[in-house]
Structures are given as C-alpha cells and as structure tokens.
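K.L.:
Here's a structure for you.
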Amino acid sequence: MTDTASPPIAVLPIVSRREERAGYLLVFLSALMWSFGGTFARFIHADDSWTVVFWRSVWAAAFLLGFMAWRDGWRGTLKLFRDMGLPGLAVAICFAVASTCFVVALSYTTVANILLMQAGVPLLAALFAWALFRERVSVTTWVAIAAVIAGVAIMVSESLDGAVSPIGDGLALLIAVMFSIATVITRRFAHVRMTPATCLGTILAAAFAASQASTFAVSGHDMGFLFAFGVINLGLGLAFFATGARLIPAAIAALLGTFEPILGPIWVWLIHSEVPSGRTIVGGAVVVTALLVHIGLEFKRQARPVRPGVTGLPSPN
C-alpha cells in the first residue's frame, strides 16, 4: 500500500542530518515493505478473499495497536483515537475500502495493474482537491494529471475489449480513488494522525470481512503468509512511513514511495512468474514517468529560496 501522496508543501520540523538520513531510510523501507504485498498474497491458497481480508486486517490492527501503545502509551493511544474526529473516521473508511479492494482485486487482475494505478494517487489527489475545494493547481500539475489519466486509460483498455476482467481494473481504480480522497482529507485537516486512522481502517475492514467470509479456518501455511501480509506488508510499512516521513521533505517522501509500484511487479515476476501485459507496462510507464517528473519539478520548487538570501531545503549530504 503506497502513501506517496504527502502534501506538496510541508513545514518541516527542525531535524539533524542524522535524523534526516534516518528518515530517508525509513520511508524507503516503508515502500519496500508495501511492495511485497502482491508477493505475499500470491502464496496464500485460501479460496475466499474475505477470509484473507479478515486475517490480514486482524494481524495489521494488532500490530498497529501494539506499535502505538509502545510509542505513545495506552493513554496516548486512546487520546489519538479520540482526537481523530470525523476526518479521521473518513480516512479510516477510505483505507478500509482500499485495503479490502486490494485483496479482492488480486483475484481478477495482475499485481502490476493494481500497483501502477496507485502510482498516480498524488496527482489524482490534486485533481480532487481542485474539484472539491478549488485548490490552485499549477499548469505542470494539470499536464501530469492528464498524463496519469492517459496512462490509466491505456491500462484499463484491456478490460474494455474483454482481454482482462473489468472487475479487477475497476477495483484497482477504486483503490486509487480512495487513497486520493484520504489524501485530500488529510491535507484539509492537518491534525488527522495517519496511524490511528489507518488502524481503525483495518478494524473496520476486519469487521466487514467477518460478516462476508464463508469460513475463518485457514491452513498453517496460509496463516503464516497472512501474518506476513498483515504485519510486515501493511503494519510495519505504515510504522516505517509514519516515523520517517516527518523527517524529510514531502517531495522526497513521494519520490521514495514510487519504489512500491516499481518493485512490486518485479517481485511477483521473479517469484511467481506473473508477467504484466503489454498495455499494463506501457500505461504504467506513462503513470510513473508523469509522477517522477512532477515530483522532480516540485522538489526543485521547494528547494528554491523563498526570497533572496534564504536557503531552500537542507542538503541531504
């Protein structure tokens, strides 16, 4: 699961060079953990996708609750949940829908199709922010948004001619939309803490899956990979990101986040021999290129001094 949709303009805390380097590593590790999602899922043989959603969500929720209790204490953890309010609940619902759709979509389409559509989340978020709140969007961002829409259109075109299931592409697109909406909400309500909102999302996903699952029984083999799917892929990835993203510029966090859609299809290809289609590769290349170019321009803008004689972003060296 990628969170590459950090706000384009962020006030950075005062951090040391050592903390900043640690932030780079932690955000990269979060993208690395998230990139293993499709690989773990392909090892699971359970027939019912809702069973997979339930156990993945349960393990992720348990890990995130433990992480927050270790970091903030039980009282601090309860306070985090209380302080979320309606924006936090909205983010949690978006995450619950997205994480559920990810598992279900894997039954209908390739990992590459899902992850490469998610790569366009930061730019789709900018589009939604303009549509809902009339936030200003630069010309370069509009160009990048158009490129992302074109890339996604190339990928989903296979479902229009019957080459792949339209359900898979539809769910993959819904994932990107949900993450984009969650990003816009988080930007508008800066006090929303991502960790408790996401934890609540896993709880909501588990509760809904419990009402839909035909069985909760899984083999020991499957439970091992469900544990990895929930704790390593989802929970640990989020913990790394939540800890590291506040230490580095938003543009760099977004750039490091692109390792998820880039590496994810590679792991599945190497381990499971799942080869993405030609249109997925072409459309995905358009999306990732648009995102990388946009992030590069944004980082250059952030690094530019606000006024003469004022230094821009701190050097990573």
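By convention here, the chains of the structure tokens are called A, B, ... in the order presented, each chain's residues are numbered starting at 1, and ligands are numbered starting at 1 in the order presented.
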Name all residues at most 9 Å from Thr110 in chain A (count only C-alpha atoms; drop same-chain ones fewer than 2 positions away) and give them as a VMD selection string.

P.N.:
chain A and resid 38 105 to 108 112 to 115 168 265 274 to 277

K.L.:
Take the residues that were just selected and, keeping N, CA and C atoms, output them as an mmCIF file, in the first residue's frame.

P.N.:
```cif
data_model
loop_
_atom_site.group_PDB
_atom_site.id
_atom_site.type_symbol
_atom_site.label_atom_id
_atom_site.label_comp_id
_atom_site.auth_asym_id
_atom_site.auth_seq_id
_atom_site.Cartn_x
_atom_site.Cartn_y
_atom_site.Cartn_z
ATOM 1 N N GLY A 38 1.741 -7.972 -3.023
ATOM 2 C CA GLY A 38 1.294 -8.909 -4.044
ATOM 3 C C GLY A 38 2.005 -10.241 -3.956
ATOM 4 N N ALA A 105 -9.163 -7.520 -5.584
ATOM 5 C CA ALA A 105 -8.716 -7.264 -6.957
ATOM 6 C C ALA A 105 -7.659 -8.262 -7.407
ATOM 7 N N LEU A 106 -6.884 -8.791 -6.462
ATOM 8 C CA LEU A 106 -5.835 -9.749 -6.819
ATOM 9 C C LEU A 106 -6.406 -11.022 -7.442
ATOM 10 N N SER A 107 -7.694 -11.271 -7.210
ATOM 11 C CA SER A 107 -8.335 -12.446 -7.806
ATOM 12 C C SER A 107 -8.721 -12.206 -9.260
ATOM 13 N N TYR A 108 -8.656 -10.953 -9.711
ATOM 14 C CA TYR A 108 -9.153 -10.619 -11.046
ATOM 15 C C TYR A 108 -8.107 -10.003 -11.975
ATOM 16 N N ALA A 112 0.783 -5.882 -10.998
ATOM 17 C CA ALA A 112 1.293 -4.695 -11.691
ATOM 18 C C ALA A 112 0.169 -3.720 -11.997
ATOM 19 N N ASN A 113 -0.961 -4.243 -12.460
ATOM 20 C CA ASN A 113 -2.084 -3.372 -12.798
ATOM 21 C C ASN A 113 -2.547 -2.571 -11.585
ATOM 22 N N ILE A 114 -2.620 -3.237 -10.439
ATOM 23 C CA ILE A 114 -3.090 -2.581 -9.219
ATOM 24 C C ILE A 114 -2.091 -1.533 -8.744
ATOM 25 N N LEU A 115 -0.830 -1.912 -8.653
ATOM 26 C CA LEU A 115 0.168 -1.015 -8.084
ATOM 27 C C LEU A 115 0.468 0.176 -8.988
ATOM 28 N N GLY A 168 -11.470 -6.423 -12.008
ATOM 29 C CA GLY A 168 -10.129 -6.173 -11.481
ATOM 30 C C GLY A 168 -9.682 -4.751 -11.710
ATOM 31 N N PRO A 265 5.685 -5.202 -8.920
ATOM 32 C CA PRO A 265 5.556 -6.116 -10.063
ATOM 33 C C PRO A 265 6.813 -6.937 -10.326
ATOM 34 N N GLU A 274 4.617 -13.974 -12.728
ATOM 35 C CA GLU A 274 3.440 -13.243 -13.191
ATOM 36 C C GLU A 274 3.906 -12.070 -14.048
ATOM 37 N N VAL A 275 3.680 -12.178 -15.342
ATOM 38 C CA VAL A 275 4.169 -11.170 -16.284
ATOM 39 C C VAL A 275 3.034 -10.210 -16.625
ATOM 40 N N PRO A 276 3.230 -8.897 -16.397
ATOM 41 C CA PRO A 276 2.177 -7.938 -16.754
ATOM 42 C C PRO A 276 2.018 -7.852 -18.262
ATOM 43 N N SER A 277 0.829 -7.472 -18.703
ATOM 44 C CA SER A 277 0.563 -7.364 -20.139
ATOM 45 C C SER A 277 1.288 -6.160 -20.727
#
```

K.L.:
Please list as a PyMOL selection string every residue within 10 Å of range 216-229 of chain A, counting only C-alpha atoms and excluding residues in the same chain fewer than 5 positions away.

P.N.:
chain A and resi 33-34+36-48+50-60+63+210+234-236

K.L.:
Just the helix (DSSP H, G or I) stuff from range 181-273 of chain A, please, per backbone DSSP, written as a short mmCIF file (atom, residue, chain, number, x, y, z; two decimals) with N, CA and C atoms, in the first residue's frame.

P.N.:
```
data_model
loop_
_atom_site.label_atom_id
_atom_site.label_comp_id
_atom_site.auth_asym_id
_atom_site.auth_seq_id
_atom_site.Cartn_x
_atom_site.Cartn_y
_atom_site.Cartn_z
N ILE A 181 -8.81 10.42 -2.08
CA ILE A 181 -9.75 11.13 -1.20
C ILE A 181 -9.18 11.23 0.21
N ALA A 182 -8.60 10.13 0.69
CA ALA A 182 -7.98 10.15 2.03
C ALA A 182 -6.87 11.20 2.10
N THR A 183 -6.12 11.34 1.02
CA THR A 183 -5.05 12.33 0.97
C THR A 183 -5.60 13.74 1.05
N VAL A 184 -6.66 14.00 0.32
CA VAL A 184 -7.27 15.34 0.33
C VAL A 184 -7.81 15.66 1.73
N ILE A 185 -8.46 14.69 2.37
CA ILE A 185 -8.98 14.91 3.72
C ILE A 185 -7.85 15.20 4.69
N THR A 186 -6.77 14.43 4.58
CA THR A 186 -5.64 14.63 5.47
C THR A 186 -5.01 16.01 5.28
N ARG A 187 -4.96 16.48 4.04
CA ARG A 187 -4.42 17.80 3.77
C ARG A 187 -5.30 18.89 4.35
N ARG A 188 -6.62 18.72 4.23
CA ARG A 188 -7.54 19.74 4.70
C ARG A 188 -7.63 19.77 6.22
N MET A 194 -2.22 9.79 10.88
CA MET A 194 -2.39 8.69 9.94
C MET A 194 -2.42 7.33 10.62
N THR A 195 -1.60 7.12 11.66
CA THR A 195 -1.50 5.79 12.26
C THR A 195 -2.82 5.34 12.89
N PRO A 196 -3.45 6.12 13.79
CA PRO A 196 -4.72 5.65 14.36
C PRO A 196 -5.83 5.54 13.32
N ALA A 197 -5.86 6.45 12.35
CA ALA A 197 -6.88 6.38 11.31
C ALA A 197 -6.73 5.09 10.50
N THR A 198 -5.51 4.75 10.17
CA THR A 198 -5.27 3.52 9.41
C THR A 198 -5.58 2.30 10.26
N CYS A 199 -5.22 2.34 11.54
CA CYS A 199 -5.53 1.23 12.44
C CYS A 199 -7.04 1.01 12.51
N LEU A 200 -7.79 2.12 12.64
CA LEU A 200 -9.24 2.00 12.64
C LEU A 200 -9.74 1.42 11.32
N GLY A 201 -9.08 1.79 10.22
CA GLY A 201 -9.45 1.24 8.92
C GLY A 201 -9.29 -0.26 8.87
N THR A 202 -8.21 -0.78 9.46
CA THR A 202 -8.01 -2.24 9.48
C THR A 202 -9.08 -2.92 10.32
N ILE A 203 -9.49 -2.27 11.42
CA ILE A 203 -10.54 -2.83 12.27
C ILE A 203 -11.87 -2.87 11.52
N LEU A 204 -12.19 -1.78 10.81
CA LEU A 204 -13.42 -1.74 10.03
C LEU A 204 -13.40 -2.79 8.93
N ALA A 205 -12.24 -2.94 8.25
CA ALA A 205 -12.13 -3.94 7.19
C ALA A 205 -12.31 -5.34 7.75
N ALA A 206 -11.73 -5.61 8.92
CA ALA A 206 -11.87 -6.93 9.54
C ALA A 206 -13.32 -7.21 9.92
N ALA A 207 -13.99 -6.19 10.46
CA ALA A 207 -15.39 -6.37 10.87
C ALA A 207 -16.28 -6.66 9.68
N PHE A 208 -16.09 -5.92 8.59
CA PHE A 208 -16.93 -6.16 7.41
C PHE A 208 -16.61 -7.52 6.79
N ALA A 209 -15.31 -7.85 6.71
CA ALA A 209 -14.94 -9.15 6.14
C ALA A 209 -15.50 -10.30 6.96
N ALA A 210 -15.56 -10.11 8.28
CA ALA A 210 -16.10 -11.15 9.15
C ALA A 210 -17.56 -11.45 8.82
N SER A 211 -18.29 -10.44 8.36
CA SER A 211 -19.70 -10.63 8.01
C SER A 211 -19.87 -11.27 6.64
N GLN A 212 -18.79 -11.30 5.85
CA GLN A 212 -18.88 -11.82 4.48
C GLN A 212 -18.17 -13.16 4.29
N GLY A 220 -2.06 -23.81 8.24
CA GLY A 220 -0.92 -23.19 8.90
C GLY A 220 -0.05 -22.45 7.91
N HIS A 221 0.10 -23.00 6.71
CA HIS A 221 0.87 -22.34 5.65
C HIS A 221 0.27 -20.98 5.34
N ASP A 222 -1.05 -20.95 5.12
CA ASP A 222 -1.71 -19.69 4.80
C ASP A 222 -1.63 -18.70 5.95
N MET A 223 -1.78 -19.18 7.19
CA MET A 223 -1.75 -18.27 8.33
C MET A 223 -0.38 -17.59 8.45
N GLY A 224 0.66 -18.32 8.13
CA GLY A 224 1.99 -17.72 8.17
C GLY A 224 2.12 -16.57 7.19
N PHE A 225 1.62 -16.76 5.98
CA PHE A 225 1.70 -15.69 4.99
C PHE A 225 0.67 -14.59 5.26
N LEU A 226 -0.46 -14.94 5.88
CA LEU A 226 -1.41 -13.91 6.28
C LEU A 226 -0.81 -13.01 7.36
N PHE A 227 -0.06 -13.62 8.27
CA PHE A 227 0.66 -12.84 9.29
C PHE A 227 1.63 -11.87 8.62
N ALA A 228 2.42 -12.37 7.67
CA ALA A 228 3.37 -11.51 6.95
C ALA A 228 2.64 -10.44 6.15
N PHE A 229 1.52 -10.82 5.52
CA PHE A 229 0.70 -9.90 4.72
C PHE A 229 0.19 -8.75 5.58
N GLY A 230 -0.24 -9.07 6.81
CA GLY A 230 -0.79 -8.05 7.68
C GLY A 230 0.26 -7.26 8.45
N VAL A 231 1.22 -7.97 9.04
CA VAL A 231 2.20 -7.31 9.92
C VAL A 231 3.34 -6.68 9.13
N ILE A 232 4.00 -7.45 8.26
CA ILE A 232 5.17 -6.94 7.55
C ILE A 232 4.77 -5.99 6.43
N ASN A 233 3.87 -6.44 5.56
CA ASN A 233 3.48 -5.63 4.41
C ASN A 233 2.70 -4.38 4.83
N LEU A 234 1.66 -4.56 5.64
CA LEU A 234 0.77 -3.43 5.95
C LEU A 234 1.21 -2.68 7.21
N GLY A 235 1.31 -3.38 8.33
CA GLY A 235 1.61 -2.72 9.60
C GLY A 235 2.99 -2.12 9.69
N LEU A 236 4.01 -2.93 9.42
CA LEU A 236 5.39 -2.44 9.52
C LEU A 236 5.66 -1.36 8.49
N GLY A 237 5.10 -1.51 7.28
CA GLY A 237 5.27 -0.47 6.27
C GLY A 237 4.74 0.86 6.74
N LEU A 238 3.56 0.85 7.35
CA LEU A 238 2.98 2.09 7.85
C LEU A 238 3.80 2.66 9.00
N ALA A 239 4.27 1.79 9.91
CA ALA A 239 5.06 2.27 11.04
C ALA A 239 6.34 2.95 10.55
N PHE A 240 7.00 2.36 9.57
CA PHE A 240 8.20 2.97 8.99
C PHE A 240 7.87 4.34 8.39
N PHE A 241 6.77 4.39 7.63
CA PHE A 241 6.43 5.64 6.96
C PHE A 241 6.05 6.72 7.97
N ALA A 242 5.21 6.37 8.95
CA ALA A 242 4.76 7.35 9.93
C ALA A 242 5.93 7.93 10.72
N THR A 243 6.97 7.11 10.95
CA THR A 243 8.13 7.57 11.71
C THR A 243 9.07 8.40 10.85
N GLY A 244 9.25 8.00 9.60
CA GLY A 244 10.26 8.65 8.77
C GLY A 244 9.79 9.83 7.96
N ALA A 245 8.49 9.85 7.56
CA ALA A 245 8.01 10.88 6.64
C ALA A 245 8.09 12.29 7.23
N ARG A 246 7.98 12.40 8.57
CA ARG A 246 8.01 13.73 9.18
C ARG A 246 9.42 14.32 9.22
N LEU A 247 10.42 13.51 8.87
CA LEU A 247 11.81 13.97 8.97
C LEU A 247 12.39 14.45 7.65
N ALA A 250 8.52 16.59 1.69
CA ALA A 250 7.39 15.84 1.14
C ALA A 250 7.70 15.28 -0.24
N ALA A 251 8.40 16.06 -1.07
CA ALA A 251 8.70 15.61 -2.43
C ALA A 251 9.60 14.39 -2.41
N ILE A 252 10.56 14.36 -1.49
CA ILE A 252 11.45 13.19 -1.40
C ILE A 252 10.68 11.99 -0.88
N ALA A 253 9.77 12.21 0.09
CA ALA A 253 8.95 11.10 0.58
C ALA A 253 8.12 10.50 -0.55
N ALA A 254 7.56 11.38 -1.39
CA ALA A 254 6.77 10.91 -2.53
C ALA A 254 7.65 10.16 -3.53
N LEU A 255 8.86 10.68 -3.74
CA LEU A 255 9.78 10.03 -4.68
C LEU A 255 10.16 8.64 -4.19
N LEU A 256 10.49 8.53 -2.91
CA LEU A 256 10.85 7.22 -2.35
C LEU A 256 9.66 6.27 -2.38
N GLY A 257 8.44 6.83 -2.26
CA GLY A 257 7.24 6.00 -2.28
C GLY A 257 7.01 5.32 -3.62
N PHE A 259 8.96 3.58 -5.18
CA PHE A 259 9.60 2.27 -5.22
C PHE A 259 8.57 1.16 -5.07
N GLU A 260 7.43 1.43 -4.42
CA GLU A 260 6.41 0.39 -4.27
C GLU A 260 5.84 -0.07 -5.60
N PRO A 261 5.28 0.83 -6.44
CA PRO A 261 4.75 0.36 -7.72
C PRO A 261 5.83 -0.10 -8.69
N ILE A 262 7.07 0.32 -8.47
CA ILE A 262 8.15 -0.13 -9.35
C ILE A 262 8.62 -1.53 -8.95
N LEU A 263 8.85 -1.73 -7.64
CA LEU A 263 9.39 -3.01 -7.18
C LEU A 263 8.34 -4.11 -7.08
N GLY A 264 7.08 -3.74 -6.73
CA GLY A 264 6.05 -4.75 -6.53
C GLY A 264 5.89 -5.71 -7.69
N PRO A 265 5.69 -5.20 -8.92
CA PRO A 265 5.56 -6.12 -10.06
C PRO A 265 6.81 -6.94 -10.33
N ILE A 266 7.98 -6.38 -9.98
CA ILE A 266 9.24 -7.11 -10.19
C ILE A 266 9.30 -8.33 -9.28
N TRP A 267 8.95 -8.16 -7.98
CA TRP A 267 8.98 -9.32 -7.06
C TRP A 267 8.04 -10.42 -7.54
N VAL A 268 6.83 -10.03 -7.96
CA VAL A 268 5.85 -11.04 -8.39
C VAL A 268 6.32 -11.74 -9.67
N TRP A 269 6.97 -10.99 -10.53
CA TRP A 269 7.51 -11.59 -11.76
C TRP A 269 8.64 -12.57 -11.43
N LEU A 270 9.56 -12.18 -10.55
CA LEU A 270 10.70 -13.03 -10.21
C LEU A 270 10.29 -14.27 -9.43
N ILE A 271 9.34 -14.11 -8.50
CA ILE A 271 8.99 -15.20 -7.59
C ILE A 271 7.84 -16.06 -8.12
N HIS A 272 6.84 -15.41 -8.74
CA HIS A 272 5.64 -16.13 -9.18
C HIS A 272 5.49 -16.19 -10.70
#
```

K.L.:
CA of His191 in chain A and CA of Glu19 in chain A, how far apart in Å?

P.N.:
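If I compute the distance from CA of Glu19 in chain A to CA of His191 in chain A, I get 22.8 Å.
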
K.L.:
Using only C-alpha atoms, find the one residue out of A:Ala98, A:Ile145, A:Ala92, A:Leu64 that sits nearest to Trp130 in chain A.

P.N.:
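With only C-alpha atoms as the atom set, the closest residue is A:Ile145.
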
K.L.:
Any idea what the distance is between CA of Val152 in chain A and CA of Met117 in chain A?

P.N.:
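Between these atoms lies a distance of 6.3 Å.
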
K.L.:
With distances taken over only C-alpha atoms, which of A:Ala96, A:Leu292, A:Leu124, A:Gly278 is nearest to Ala61 in chain A?

P.N.:
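Closest candidate: A:Ala96.
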
K.L.:
Can you work out the spacing between CA of Ser16 in chain A and CA of Gly73 in chain A in Å, to one decimal?

P.N.:
25.7 Å
